[in-house]
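Asker: So that you have it, the file is protein36.cif, and it contains mmCIF, C-alpha atoms:
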data_work
loop_
_atom_site.label_atom_id
_atom_site.label_comp_id
_atom_site.auth_asym_id
_atom_site.auth_seq_id
_atom_site.Cartn_x
_atom_site.Cartn_y
_atom_site.Cartn_z
CA MET A 59 130.87 91.19 145.91
CA ARG A 60 132.58 94.13 147.58
CA ARG A 61 135.48 94.14 145.16
CA PHE A 62 133.03 95.02 142.40
CA LEU A 63 131.55 97.96 144.29
CA PHE A 64 134.60 100.19 143.85
CA PRO A 65 134.86 99.87 140.04
CA LEU A 66 131.08 100.22 139.84
CA ALA A 67 131.24 103.48 141.81
CA ILE A 68 133.96 104.82 139.49
CA PHE A 69 131.87 103.76 136.49
CA ILE A 70 128.80 105.58 137.79
CA VAL A 71 130.79 108.77 138.41
CA LEU A 72 132.24 108.54 134.89
CA VAL A 73 128.78 108.06 133.36
CA GLY A 74 127.62 111.09 135.33
CA PHE A 75 130.39 113.24 133.87
CA LEU A 76 129.75 111.99 130.34
CA ALA A 77 125.99 112.52 130.64
CA ALA A 78 126.56 116.09 131.80
CA GLY A 79 129.04 116.61 128.96
CA LEU A 80 126.52 115.42 126.39
CA ARG A 81 123.99 117.98 127.52
CA LEU A 82 126.39 120.88 127.00
CA ASN A 83 126.39 122.51 123.61
CA PRO A 84 130.04 122.98 122.62
CA ARG A 85 129.03 125.84 120.35
CA GLU A 86 127.67 127.86 123.21
CA VAL A 87 130.72 129.54 124.63
CA PRO A 88 129.91 131.85 127.54
CA SER A 89 130.69 135.41 126.58
CA PRO A 90 133.22 137.29 128.69
CA LEU A 91 131.40 140.48 127.66
CA ILE A 92 128.43 139.91 130.00
CA GLY A 93 128.48 142.69 132.58
CA LYS A 94 130.90 144.76 130.49
CA GLN A 95 130.37 147.97 128.60
CA VAL A 96 129.14 147.47 125.04
CA PRO A 97 132.04 147.88 122.58
CA ASN A 98 131.68 151.27 121.04
CA PHE A 99 131.11 151.21 117.32
CA ARG A 100 130.16 153.73 114.70
CA LEU A 101 128.99 152.18 111.47
CA ALA A 102 127.09 153.24 108.36
CA GLN A 103 123.39 152.43 108.32
CA LEU A 104 122.12 149.75 105.98
CA HIS A 105 119.29 151.74 104.45
CA ALA A 106 121.04 155.11 104.51
CA GLY A 107 124.72 154.71 103.76
CA ASP A 108 125.48 158.36 104.53
CA LYS A 109 124.08 158.12 108.10
CA PHE A 110 125.73 156.42 111.01
CA ILE A 111 124.67 154.47 114.07
CA SER A 112 126.71 154.04 117.23
CA ALA A 113 126.26 152.27 120.56
CA GLU A 114 126.18 155.75 122.12
CA ASP A 115 122.98 156.58 120.18
CA MET A 116 121.14 153.87 122.13
CA ARG A 117 122.13 155.10 125.58
CA GLY A 118 119.17 155.42 127.96
CA LYS A 119 117.29 152.55 126.33
CA VAL A 120 117.21 148.83 126.88
CA TRP A 121 117.88 147.36 123.47
CA LEU A 122 118.77 144.24 121.53
CA LEU A 123 121.67 143.98 119.15
CA ASN A 124 121.00 141.19 116.68
CA VAL A 125 123.85 140.00 114.48
CA TRP A 126 122.49 138.82 111.13
CA ALA A 127 123.44 138.30 107.49
CA SER A 128 121.73 137.37 104.25
CA TRP A 129 124.04 134.34 103.93
CA CYS A 130 123.06 133.06 107.37
CA VAL A 131 120.64 130.16 107.14
CA SER A 132 119.44 130.08 110.74
CA CYS A 133 118.64 133.80 110.49
CA ARG A 134 115.66 132.78 108.37
CA GLN A 135 114.40 130.75 111.30
CA GLU A 136 114.55 133.64 113.77
CA HIS A 137 113.39 136.35 111.38
CA PRO A 138 109.62 135.86 111.90
CA VAL A 139 110.22 135.86 115.66
CA LEU A 140 112.02 139.22 115.41
CA ILE A 141 109.29 140.69 113.19
CA ASP A 142 106.71 139.60 115.73
CA LEU A 143 108.79 141.05 118.57
CA ASN A 144 109.12 144.36 116.75
CA GLN A 145 105.34 144.56 116.31
CA GLN A 146 104.88 144.21 120.06
CA LYS A 147 106.91 147.44 120.48
CA LYS A 148 108.44 146.15 123.68
CA ILE A 149 112.09 146.63 122.85
CA ALA A 150 114.19 148.25 120.13
CA ILE A 151 116.17 145.86 117.94
CA VAL A 152 119.31 147.12 116.28
CA GLY A 153 120.72 144.90 113.55
CA LEU A 154 124.40 144.29 112.97
CA ASN A 155 124.63 143.23 109.35
CA TYR A 156 127.73 141.08 109.59
CA LYS A 157 130.09 140.48 106.65
CA ASP A 158 127.38 140.95 104.11
CA ASP A 159 126.72 142.72 100.85
CA ARG A 160 124.50 145.79 101.21
CA ALA A 161 122.26 145.03 98.22
CA ALA A 162 121.95 141.35 99.18
CA ALA A 163 121.08 142.31 102.75
CA MET A 164 118.34 144.74 101.72
CA ALA A 165 116.91 142.24 99.24
CA TRP A 166 116.94 139.53 101.91
CA LEU A 167 114.87 141.70 104.27
CA THR A 168 112.17 142.30 101.64
CA GLN A 169 112.14 138.63 100.68
CA HIS A 170 111.81 137.38 104.23
CA GLY A 171 108.84 139.36 105.46
CA GLY A 172 110.20 142.81 106.26
CA ASP A 173 112.63 144.73 108.42
CA PRO A 174 112.27 144.24 112.18
CA TYR A 175 115.20 146.52 112.94
CA LEU A 176 115.08 150.08 114.18
CA VAL A 177 118.24 150.42 112.16
CA SER A 178 120.89 148.02 110.86
CA ALA A 179 124.60 148.80 111.06
CA VAL A 180 126.82 147.65 108.22
CA ASP A 181 129.83 145.68 109.45
CA ALA A 182 131.12 144.66 106.05
CA ASP A 183 134.55 143.38 107.14
CA GLY A 184 133.38 141.93 110.46
CA ARG A 185 135.71 144.15 112.48
CA VAL A 186 132.99 145.26 114.93
CA GLY A 187 131.83 141.64 115.09
CA ILE A 188 135.23 140.72 116.55
CA ASP A 189 134.81 143.37 119.27
CA PHE A 190 131.52 141.70 120.19
CA GLY A 191 133.14 138.27 120.19
CA VAL A 192 130.89 137.14 117.35
CA TYR A 193 131.84 133.73 116.00
CA GLY A 194 128.54 132.43 114.72
CA VAL A 195 125.54 134.18 113.29
CA PRO A 196 122.91 134.79 114.55
CA GLU A 197 123.85 136.11 117.96
CA THR A 198 121.81 138.51 120.07
CA PHE A 199 122.92 140.80 122.88
CA LEU A 200 120.68 142.42 125.48
CA ILE A 201 122.06 145.82 126.49
CA ASP A 202 120.83 147.98 129.37
CA LYS A 203 120.28 151.74 129.68
CA ASN A 204 123.88 152.36 130.68
CA GLY A 205 125.27 150.44 127.76
CA VAL A 206 126.18 147.31 129.74
CA ILE A 207 125.75 143.92 128.03
CA ARG A 208 123.45 141.85 130.23
CA TYR A 209 122.75 138.73 128.22
CA LYS A 210 123.90 136.97 125.09
CA HIS A 211 121.81 134.55 123.11
CA ILE A 212 123.72 132.33 120.69
CA GLY A 213 121.84 130.92 117.72
CA PRO A 214 118.39 131.80 116.43
CA VAL A 215 116.16 133.66 118.87
CA THR A 216 113.11 131.55 119.61
CA ALA A 217 109.72 132.63 120.95
CA GLU A 218 110.48 130.52 124.00
CA ALA A 219 113.86 132.16 124.66
CA LEU A 220 112.17 135.56 124.43
CA LYS A 221 109.39 134.58 126.79
CA THR A 222 111.46 132.79 129.41
CA LYS A 223 114.75 134.70 129.38
CA ILE A 224 115.19 137.78 127.25
CA LEU A 225 111.95 139.73 127.76
CA PRO A 226 111.67 139.17 131.55
CA LEU A 227 115.26 140.38 131.95
CA ALA A 228 114.62 143.32 129.62
CA GLU A 229 111.55 144.37 131.63
CA GLU A 230 113.52 144.17 134.83
CA LEU A 231 116.29 146.30 133.33
CA ALA A 232 113.77 148.85 132.00
CA ARG A 233 112.31 149.28 135.50
CA GLY A 234 115.61 149.48 137.33
CA MET B 470 134.80 91.98 103.51
CA VAL B 471 138.31 90.51 103.71
CA ASP B 472 137.07 87.47 101.83
CA ARG B 473 135.72 89.61 99.02
CA LEU B 474 138.88 91.65 98.83
CA SER B 475 141.11 88.61 98.56
CA ARG B 476 138.85 87.11 95.91
CA LEU B 477 139.07 90.37 94.03
CA LEU B 478 142.84 90.24 94.27
CA ALA B 479 142.90 86.68 92.98
CA VAL B 480 140.75 87.19 89.86
CA THR B 481 143.35 88.13 87.28
CA GLU B 482 146.66 89.86 87.24
CA LYS B 483 145.09 92.70 85.32
CA SER B 484 142.38 93.48 87.84
CA ALA B 485 144.89 93.14 90.66
CA LEU B 486 146.97 95.81 89.00
CA ALA B 487 143.89 98.00 88.63
CA LEU B 488 143.10 97.55 92.31
CA ARG B 489 146.63 98.50 93.21
CA ARG B 490 146.37 101.66 91.14
CA PHE B 491 143.07 102.43 92.82
CA LEU B 492 144.58 101.93 96.26
CA ILE B 493 147.50 104.18 95.44
CA VAL B 494 145.12 106.94 94.37
CA VAL B 495 142.93 106.50 97.45
CA LEU B 496 145.91 106.54 99.79
CA LEU B 497 147.46 109.56 98.16
CA LEU B 498 144.28 111.66 98.03
CA PRO B 499 144.31 112.90 101.64
CA GLY B 500 147.91 113.93 101.17
CA LEU B 501 146.96 115.98 98.12
CA GLN B 502 144.12 117.67 99.95
CA PHE B 503 146.45 118.52 102.78
CA ALA B 504 148.91 120.04 100.34
CA ASN B 505 146.09 122.20 98.97
CA ALA B 506 145.05 123.30 102.44
CA ALA B 507 148.63 124.22 103.29
CA GLU B 508 148.84 126.27 100.11
CA GLY B 509 145.66 128.15 101.02
CA MET B 510 147.01 128.80 104.49
CA ALA B 511 150.11 130.59 103.33
CA GLN B 512 148.43 133.84 102.23
CA PRO B 513 151.65 135.59 101.35
CA VAL B 514 151.56 139.11 102.72
CA GLY B 515 155.23 139.81 102.48
CA ASP B 516 157.11 139.97 105.73
CA PRO B 517 158.08 136.41 106.75
CA VAL B 518 158.85 137.58 110.31
CA VAL B 519 155.30 138.89 110.72
CA GLU B 520 153.85 135.72 109.17
CA ALA B 521 155.87 133.53 111.54
CA ARG B 522 154.48 135.46 114.52
CA VAL B 523 150.93 135.28 113.13
CA ASN B 524 151.30 131.52 112.81
CA LYS B 525 152.78 131.09 116.26
CA LEU B 526 149.90 133.00 117.87
CA ALA B 527 147.32 131.30 115.66
CA GLU B 528 148.53 127.91 116.93
CA GLU B 529 147.60 128.96 120.46
CA LEU B 530 144.07 130.09 119.62
CA ARG B 531 141.02 127.92 119.17
CA CYS B 532 138.82 128.24 116.13
CA LEU B 533 135.41 128.67 117.75
CA THR B 534 133.37 127.69 114.71
CA CYS B 535 135.27 124.51 113.91
CA MET B 536 135.46 122.12 116.83
CA GLY B 537 138.92 120.99 117.85
CA GLN B 538 141.04 123.00 115.45
CA SER B 539 143.40 125.87 116.05
CA ILE B 540 143.10 129.04 114.06
CA ALA B 541 146.36 128.14 112.30
CA ASP B 542 144.94 124.79 111.15
CA SER B 543 141.64 126.14 109.98
CA GLN B 544 140.59 127.86 106.80
CA SER B 545 137.15 128.91 108.04
CA SER B 546 136.16 132.52 107.57
CA PHE B 547 136.32 133.00 111.35
CA SER B 548 139.94 131.84 111.45
CA ASN B 549 140.88 133.94 108.47
CA ASP B 550 139.39 137.02 110.16
CA MET B 551 141.34 136.20 113.31
CA LYS B 552 144.57 135.82 111.37
CA ARG B 553 143.93 139.12 109.62
CA GLU B 554 143.28 140.74 112.98
CA ILE B 555 146.46 139.30 114.51
CA ARG B 556 148.44 140.42 111.48
CA SER B 557 147.16 143.98 111.67
CA MET B 558 147.91 144.16 115.41
CA ILE B 559 151.46 142.91 114.85
CA VAL B 560 151.94 145.50 112.14
CA ALA B 561 150.59 148.11 114.58
CA GLY B 562 153.40 147.15 116.96
CA LYS B 563 151.42 145.19 119.60
CA ASN B 564 153.28 142.52 121.54
CA ASP B 565 152.14 138.89 121.86
CA LYS B 566 150.62 139.37 125.30
CA GLU B 567 148.56 142.35 124.16
CA ILE B 568 147.25 140.34 121.22
CA MET B 569 146.32 137.34 123.38
CA ASP B 570 144.63 139.63 125.93
CA PHE B 571 142.65 141.22 123.10
CA MET B 572 141.34 137.78 122.08
CA VAL B 573 140.55 136.68 125.64
CA GLN B 574 138.66 139.92 126.35
CA ARG B 575 136.36 139.18 123.41
CA TYR B 576 136.15 135.41 123.26
CA GLY B 577 136.98 134.35 126.81
CA ASP B 578 139.50 131.82 128.12
CA PHE B 579 137.95 129.18 125.89
CA VAL B 580 139.72 130.72 122.92
CA LEU B 581 143.08 129.73 124.43
CA TYR B 582 144.37 126.24 123.74
CA ARG B 583 146.39 126.42 126.95
CA PRO B 584 143.92 127.43 129.63
CA PRO B 585 145.35 129.71 132.35
CA VAL B 586 145.82 128.33 135.86
CA LYS B 587 142.99 129.86 137.90
CA ASN B 588 140.64 128.91 140.72
CA THR B 589 138.24 127.45 138.20
CA THR B 590 140.87 125.44 136.35
CA TRP B 591 142.99 123.99 139.17
CA LEU B 592 141.26 120.62 138.87
CA LEU B 593 142.00 120.59 135.14
CA TRP B 594 145.70 121.22 135.71
CA GLY B 595 146.10 119.38 139.02
CA GLY B 596 143.74 116.48 138.25
CA PRO B 597 146.28 114.21 136.56
CA PHE B 598 148.81 114.71 139.36
CA LEU B 599 146.12 114.13 141.96
CA LEU B 600 145.19 110.90 140.20
CA LEU B 601 148.85 109.84 140.08
CA ILE B 602 149.32 110.47 143.81
CA LEU B 603 146.09 108.65 144.66
CA SER B 604 147.07 105.62 142.62
CA LEU B 605 150.56 105.57 144.18
CA VAL B 606 149.01 105.64 147.65
CA PHE B 607 146.64 102.85 146.62
CA LEU B 608 149.52 100.80 145.24
CA ALA B 609 151.63 101.33 148.37
CA MET B 610 148.73 100.22 150.58
CA LYS B 611 148.14 97.10 148.50
CA LEU B 612 151.84 96.18 148.50
CA ARG B 613 152.15 96.65 152.24
CA LYS B 614 149.13 94.43 152.82
CA ARG B 615 150.57 91.72 150.62
CA GLY B 616 154.00 92.01 152.28
CA GLY B 617 152.38 91.12 155.64
CA GLN B 618 151.29 87.73 154.39
CA VAL B 619 154.46 85.63 154.84
CA ALA B 620 154.30 82.28 153.12
CA ALA B 621 154.42 79.37 155.65
CA GLU B 622 157.70 77.45 155.74
CA LEU B 623 157.52 73.92 154.28
CA THR B 624 158.39 70.97 156.44
CA ALA B 625 161.04 68.57 155.13
CA GLY B 626 158.32 66.04 154.25
CA GLU B 627 156.28 68.60 152.34
CA HIS B 628 159.40 69.70 150.51
CA GLN B 629 160.16 66.14 149.45
CA GLN B 630 156.55 65.72 148.31
CA ALA B 631 156.77 68.87 146.24
CA ILE B 632 159.94 67.72 144.51
CA GLU B 633 158.34 64.40 143.72
CA LEU B 634 155.22 66.05 142.30
CA LEU B 635 157.22 68.48 140.20
CA GLY B 636 159.57 65.78 138.99
CA LYS B 637 156.63 63.60 138.04
CA ARG B 638 155.12 66.41 136.01
CA GLU B 639 158.41 66.93 134.20
CA ALA B 640 158.48 63.21 133.37
CA ASP B 641 154.86 63.31 132.14
CA ARG B 642 155.71 65.77 129.44
CA PRO B 643 156.25 64.39 125.98
#
What would the structure in this file look like if it were written as structure tokens?

Answerer:
Amino acid sequence: MRRFLFPLAIFIVLVGFLAAGLRLNPREVPSPLIGKQVPNFRLAQLHAGDKFISAEDMRGKVWLLNVWASWCVSCRQEHPVLIDLNQQKKIAIVGLNYKDDRAAAMAWLTQHGGDPYLVSAVDADGRVGIDFGVYGVPETFLIDKNGVIRYKHIGPVTAEALKTKILPLAEELARG
Amino acid sequence: MVDRLSRLLAVTEKSALALRRFLIVVLLLPGLQFANAAEGMAQPVGDPVVEARVNKLAEELRCLTCMGQSIADSQSSFSNDMKREIRSMIVAGKNDKEIMDFMVQRYGDFVLYRPPVKNTTWLLWGGPFLLLILSLVFLAMKLRKRGGQVAAELTAGEHQQAIELLGKREADRP
């Protein structure tokens, strides 16, 4: 009987590792940018091509940077959530329109229920996206008053993620 | 399945030939696709020295949108952006370490195919050696234990009996 105990113990440990591995989402890579200064960017605005928006413009506010594109399918899923969030006036959302076509992006906003963004920055070649470590759209960054990235949400923002993670942290940052 | 295949093969010479042609096409197809992919990968920009360096670095970086591929192997838009970025940094005179550091700063250690040896990765690097040492110790212990059990010497009578038994068995064989 005892000679079976040892292999059984090894088996149980192995199953434990595999079970933990299955729960991890391989697409969610922790960002090394958490706790670091937001990469400085200066990009043309989506709705006014002759005006610019930079990370510096948002200093003193707690804000969200949401990476989106008209070609991004899961962005459709999070769009109503962002519109709802914008109506609550709790936090400013800046869009990063990633590797998109300006006309297509503007049309997409009208088609999908409106523009939840304070302003959207046009990152046509994805160069600023690389500075943010963007590899999948949508991605959302929570940035504090001093321009430090505090949280990154990968994939569509859900009402639950806002309620349990993003908004509580944002409120805490706004107080502090 | 095998049964059906062999029946198919046996029908007529003609259909067997058709099957062979079909198999040849099926077996060659992946090769053709690969050739296409390789063609797409080339992206001639001019300087072969720069391209060689781009490729060497791209081999070391993970494509984050396609699981289990390096940036060099992948044709995804993420990988193409990365290759473009590496190319422009090489042209700007950056060395390999600067380029790798640039990627790690943005995408983390996960982007590296060869993870660095750190506090958090010692088990990853040392694990196999640890396992080897443990199994050697285990083996040594087992062998020592077995070495202690000396087989009892046979008495002359027992020896004779053994020879008889063995001889009988030999004789029993056809």

Asker: With a cut-off of 10 Å and counting all atoms listed in the file, select all residues of chain A in contact with chain B and give the selection as a PDB file with C-alpha atoms, keeping the file's coordinate frame.

Answerer:
ATOM      1  CA  PRO A  84     130.040 122.980 122.620  1.00  0.00           C
ATOM      2  CA  ARG A  85     129.030 125.840 120.350  1.00  0.00           C
ATOM      3  CA  GLU A  86     127.670 127.860 123.210  1.00  0.00           C
ATOM      4  CA  VAL A  87     130.720 129.540 124.630  1.00  0.00           C
ATOM      5  CA  PRO A  88     129.910 131.850 127.540  1.00  0.00           C
ATOM      6  CA  SER A  89     130.690 135.410 126.580  1.00  0.00           C
ATOM      7  CA  PRO A  90     133.220 137.290 128.690  1.00  0.00           C
ATOM      8  CA  LEU A  91     131.400 140.480 127.660  1.00  0.00           C
ATOM      9  CA  PRO A  97     132.040 147.880 122.580  1.00  0.00           C
ATOM     10  CA  ASP A 183     134.550 143.380 107.140  1.00  0.00           C
ATOM     11  CA  GLY A 184     133.380 141.930 110.460  1.00  0.00           C
ATOM     12  CA  ARG A 185     135.710 144.150 112.480  1.00  0.00           C
ATOM     13  CA  GLY A 187     131.830 141.640 115.090  1.00  0.00           C
ATOM     14  CA  ILE A 188     135.230 140.720 116.550  1.00  0.00           C
ATOM     15  CA  ASP A 189     134.810 143.370 119.270  1.00  0.00           C
ATOM     16  CA  PHE A 190     131.520 141.700 120.190  1.00  0.00           C
ATOM     17  CA  GLY A 191     133.140 138.270 120.190  1.00  0.00           C
ATOM     18  CA  VAL A 192     130.890 137.140 117.350  1.00  0.00           C
ATOM     19  CA  TYR A 193     131.840 133.730 116.000  1.00  0.00           C
ATOM     20  CA  GLY A 194     128.540 132.430 114.720  1.00  0.00           C
TER      21      GLY A 194
END

Asker: Please indicate the distance in Å from CA of Lys566 (chain B) to CA of Lys587 (chain B), rounded to one decimal place.

Answerer: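 A separation of 17.5 Å between them.
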
Asker: Under the PyMOL selection byres ((chain A and resi 127) around 12), which residues of this model are included? Write them out as a VMD selection string.

Answerer: chain A and resid 104 124 to 126 128 to 134 136 to 137 153 to 167 178 to 182 184 187 194 to 197

Asker: Starting from the shown file, work through the PyMOL selection byres ((chain A and resi 205) around 9) and note down what comes out as a JSON list (two decimals) with C-alpha atoms, in the frame of the given file.

Answerer:
[["chain", "number", "residue", "atom", "x", "y", "z"],
["A", 94, "LYS", "CA", 130.90, 144.76, 130.49],
["A", 95, "GLN", "CA", 130.37, 147.97, 128.60],
["A", 96, "VAL", "CA", 129.14, 147.47, 125.04],
["A", 97, "PRO", "CA", 132.04, 147.88, 122.58],
["A", 113, "ALA", "CA", 126.26, 152.27, 120.56],
["A", 114, "GLU", "CA", 126.18, 155.75, 122.12],
["A", 116, "MET", "CA", 121.14, 153.87, 122.13],
["A", 117, "ARG", "CA", 122.13, 155.10, 125.58],
["A", 118, "GLY", "CA", 119.17, 155.42, 127.96],
["A", 119, "LYS", "CA", 117.29, 152.55, 126.33],
["A", 120, "VAL", "CA", 117.21, 148.83, 126.88],
["A", 201, "ILE", "CA", 122.06, 145.82, 126.49],
["A", 202, "ASP", "CA", 120.83, 147.98, 129.37],
["A", 203, "LYS", "CA", 120.28, 151.74, 129.68],
["A", 204, "ASN", "CA", 123.88, 152.36, 130.68],
["A", 206, "VAL", "CA", 126.18, 147.31, 129.74],
["A", 207, "ILE", "CA", 125.75, 143.92, 128.03]]

Asker: Counting all atoms listed in the file, figure out which residue out of A:Gly74, A:Trp121, A:Ile151, A:Pro214 gets nearest to Ala228 (chain A).

Answerer: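 Using all atoms listed in the file, Ala228 (chain A) sits closest to A:Trp121.
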
Asker: Expressed in Å to a single decimal, how great is the separation between CA of Leu530 (chain B) and CA of Leu581 (chain B)?

Answerer: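 Those two atoms sit 4.9 Å apart.
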
Asker: Find the distance between CA of Gly234 (chain A) and CA of Ile212 (chain A) and write it in Å to one decimal.

Answerer: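 Separation between CA of Gly234 (chain A) and CA of Ile212 (chain A): 25.2 Å.
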
Asker: Between A:Gly213, A:Pro226, A:Pro65, A:Gly79, which is the closest to Lys148 (chain A) once you count only C-alpha atoms?

Answerer: A:Pro226
